[in-house]
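This report concerns only the one structure given below.
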2 protein chains.
Amino acid sequence: MYYVGIDLGGTKIAAGLVDEQGRILSKASTNTGRERPADDIIEDMAMLTKKVISDYGVETGSVKSIGIGSPGIVNDKEGTLIYANNIHSLSNKNLRAGIQKFISLPVILDNDANCAALAESVAGAAKDVDHSVTITLGTGIGSGVVINRRIYSGMNNAGAELGHMVISMGGKKCNCGRTGCWEVYASATALIEQIKEAIIENPDSQIYRLVEGDLSKINPKVAFDAAKTGDNTAVQIINRYITYVAEGIINTVNIFCPQVVVIGGGISKQGEYLLKPIREIVKKYMLFKGNSSMEIRAAKMGNDAGIVGAAMLGRE
Amino acid sequence: MYYVGIDLGGTKIAAGLVDEQGRILSKASTNTGRERPADDIIEDMAMLTKKVISDYGVETGSVKSIGIGSPGIVNDKEGTLIYANNIHSLSNKNLRAGIQKFISLPVILDNDANCAALAESVAGAAKDVDHSVTITLGTGIGSGVVINRRIYSGMNNAGAELGHMVISMGGKKCNCGRTGCWEVYASATALIEQIKEAIIENPDSQIYRLVEGDLSKINPKVAFDAAKTGDNTAVQIINRYITYVAEGIINTVNIFCPQVVVIGGGISKQGEYLLKPIREIVKKYMLFKGNSSMEIRAAKMGNDAGIVGAAMLGRE
């Protein structure tokens, strides 16, 4: 059996034909053109689906389902996007009905963080275990919880928003209306903010030189690069950032007691430089020291996570 | 089919014969005598089991299992208590093997907070829904998560320790080794601490009169009683305490997206005086406003929660 997965993004729509093991057999993509009418975007999703199926030379009948991973909040029961970050024309649109006008297959929806978690569980960093949590450090913090190899998303596909777990009551403001959410401390966006604040106070930092004095060039990588050269300001930024990430991961481990925590997002490319200290803090402070086999790993699926995770929604 | 549930506590062991609907048919209890050797305590658990079965006049063959709800951490796979708060002689003891020396029935273990949550799900405040979280505000904060009417406890029966979710990084010290855990702000113990601190600074508070100047008599109820008379200090204490409770509940709702949050523990007897403001804060700040049908309710099972929840472990 084959599965189509569609990774619906603000700039690109990527689709793939995927097998039972989460391997991508054919792939196609197009620009989202997010200012376009919803119908045009939905038609493109259907056309990409047809393309990846025919490119691999199989019949539509051998495809079990089309899975869609979307930013924002989905209502899989109705087949609608309730709210699509960055792709406003799709808000409250019924993607299932729209796609089924072109191709007669079951359509399943979930949010992109859940799809990333499922992809890591089926074919990535957590494929050897039943219970895992995938944390994506990006613009915000995405999170997906996999229990017995299935996505847990509470009622109405909206659970496990670990990024909006307050870790610092009365702390920094979050877009969600609360103060002190984990993502305002530990997302990539938050790290960039922390870097900017720190180098304004420490203009002698290497980071300044790495971005040639242009604050708009600051990204997480430059802070890691500077820290690796021993730059004091950068080391302090990264150490503090790591404690922020770890604080939320310990909470997560105390709550879900997973076998593996997967960390994704561009920052996870820092590998052991990031993961080793996080692991040490988490192992030291997590409640159940007995759960010593719990592992923290970097995500493996990279850009394919969206396609594979969305496709694997159909396997559940 | 019948089920035996044993509520193993630091002062009392209570057992009951329970039917499929979670109704207690017969009940018996004895003092734990927690300084006694483990074998004596285990034998009492077996004898209580036999008593509640024979008191109701059924055959052992019509009983499906014996469930045990225990404080601390259990290993149901092995049948052992890993760590039993307050009953140290039972730590690392195999309760299953011990009880089966006297009575040949399957023995299932879980911790008391999970049992309380299961009891509320089967027969209590959350019996009409599939997904619920029960938060017990007591010495610490106990929590149990019920997903599709089953307890979720991660790997090794140790998940969902929401009380040890840090909500205030760098805040008050917790016994677990971290700082700022929810339970150091929102447990009954924490509230008592908050009352003491507040009335030392406000010696004119009603609370002083209610406890006749004896700080050792302070309990959560006196602060609620004083607040209800309009005592300014008490009102401030309770309002702040409510924001602490709500902070963790919003996190919980964002993470689990349950249909119902059940609040238990002695404080929950304050009913709407406690629940109404919590509900208002949670509904205002939870991420998914769409989940507006989510309800916050007081626990219903009271002292029977332990027996019923432990018994219902056998139904899973």
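Residues in the structure tokens are numbered from 1 in each chain, the chains being A, B, ... in the order shown, and ligands are numbered from 1 in the order shown.
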- Task: Pick out the residues sitting within 10 Å of stretch 24-37 of chain B, and hand them over as a VMD selection string; count only C-alpha atoms, and ignore anything fewer than 2 positions along from it in its own chain.
- Result: chain B and resid 2 to 22 39 to 42 44 to 45 47 to 49 51 to 57 86 to 90 304 307 to 308 311
- Using only C-alpha atoms, find which residues of chain B lie within 8 Å of chain A and jot them down as an MDAnalysis selection string. chainID B and resid 131 147 153:156 158:162 164:169 176:178 247:248 250:259 285 287:288 291
- Query: How would you write, as a ChimeraX atom specification, the set of residues in stretch 165-270 of chain B that DSSP gives as strand (DSSP E or B)?
  - Reply: /B:166,168,173,179,181,260-264
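Among B:Lys217, B:Arg150, B:Arg315, B:Arg297, the residue with the shortest atom-to-atom distance to B:Val262, counting only C-alpha atoms, is B:Arg297.
Here atom CA of A:Ser121 is placed at a distance of 12.5 Å from atom CA of A:Gly306.
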Give me the residues within 9 Å of stretch 194-200 of chain A as a JSON list (two decimals) with N, CA, C and O atoms, in the first residue's frame, counting only C-alpha atoms and dropping any in the same chain fewer than 6 places off.
```json
[["chain", "number", "residue", "atom", "x", "y", "z"],
["A", 185, "TYR", "N", 11.16, 31.62, 25.36],
["A", 185, "TYR", "CA", 12.53, 31.46, 25.87],
["A", 185, "TYR", "C", 13.36, 30.52, 25.01],
["A", 185, "TYR", "O", 14.57, 30.70, 24.90],
["A", 207, "ILE", "N", 30.32, 37.69, 17.78],
["A", 207, "ILE", "CA", 29.08, 37.62, 17.00],
["A", 207, "ILE", "C", 28.95, 38.85, 16.10],
["A", 207, "ILE", "O", 28.58, 38.76, 14.93],
["A", 208, "TYR", "N", 29.31, 40.00, 16.66],
["A", 208, "TYR", "CA", 29.28, 41.25, 15.88],
["A", 208, "TYR", "C", 30.09, 41.12, 14.61],
["A", 208, "TYR", "O", 29.66, 41.50, 13.52],
["A", 215, "LEU", "N", 22.76, 43.56, 12.55],
["A", 215, "LEU", "CA", 21.92, 42.79, 13.46],
["A", 215, "LEU", "C", 20.88, 41.94, 12.73],
["A", 215, "LEU", "O", 20.42, 40.93, 13.24],
["A", 218, "ILE", "N", 21.68, 38.24, 12.20],
["A", 218, "ILE", "CA", 21.83, 37.32, 13.34],
["A", 218, "ILE", "C", 20.91, 36.12, 13.20],
["A", 218, "ILE", "O", 19.74, 36.25, 12.90],
["A", 219, "ASN", "N", 21.48, 34.95, 13.40],
["A", 219, "ASN", "CA", 20.68, 33.73, 13.47],
["A", 219, "ASN", "C", 21.31, 32.82, 14.53],
["A", 219, "ASN", "O", 22.42, 33.09, 15.01],
["A", 220, "PRO", "N", 20.61, 31.78, 14.92],
["A", 220, "PRO", "CA", 21.15, 30.93, 15.98],
["A", 220, "PRO", "C", 22.56, 30.42, 15.68],
["A", 220, "PRO", "O", 23.40, 30.34, 16.57],
["A", 223, "ALA", "N", 25.63, 32.41, 16.82],
["A", 223, "ALA", "CA", 25.94, 32.35, 18.25],
["A", 223, "ALA", "C", 26.66, 31.05, 18.59],
["A", 223, "ALA", "O", 27.62, 31.04, 19.38],
["A", 233, "THR", "N", 30.65, 36.07, 25.48],
["A", 233, "THR", "CA", 29.25, 36.46, 25.37],
["A", 233, "THR", "C", 28.43, 35.35, 24.73],
["A", 233, "THR", "O", 27.36, 34.98, 25.22],
["A", 234, "ALA", "N", 28.97, 34.78, 23.66],
["A", 234, "ALA", "CA", 28.25, 33.70, 22.96],
["A", 234, "ALA", "C", 28.09, 32.47, 23.85],
["A", 234, "ALA", "O", 27.02, 31.86, 23.89],
["A", 237, "ILE", "N", 25.31, 33.18, 26.23],
["A", 237, "ILE", "CA", 24.00, 33.12, 25.55],
["A", 237, "ILE", "C", 23.57, 31.67, 25.37],
["A", 237, "ILE", "O", 22.44, 31.29, 25.70],
["A", 238, "ILE", "N", 24.49, 30.88, 24.84],
["A", 238, "ILE", "CA", 24.14, 29.48, 24.53],
["A", 238, "ILE", "C", 23.86, 28.69, 25.81],
["A", 238, "ILE", "O", 22.90, 27.91, 25.87],
["A", 241, "TYR", "N", 20.50, 29.65, 27.00],
["A", 241, "TYR", "CA", 19.49, 29.11, 26.09],
["A", 241, "TYR", "C", 19.28, 27.61, 26.34],
["A", 241, "TYR", "O", 18.15, 27.12, 26.36]]
```
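Among the candidates A:Val184, A:Met312, A:Val211, A:Ile267, the residue lying nearest to A:Phe224 is A:Ile267 (atoms considered: only C-alpha atoms).
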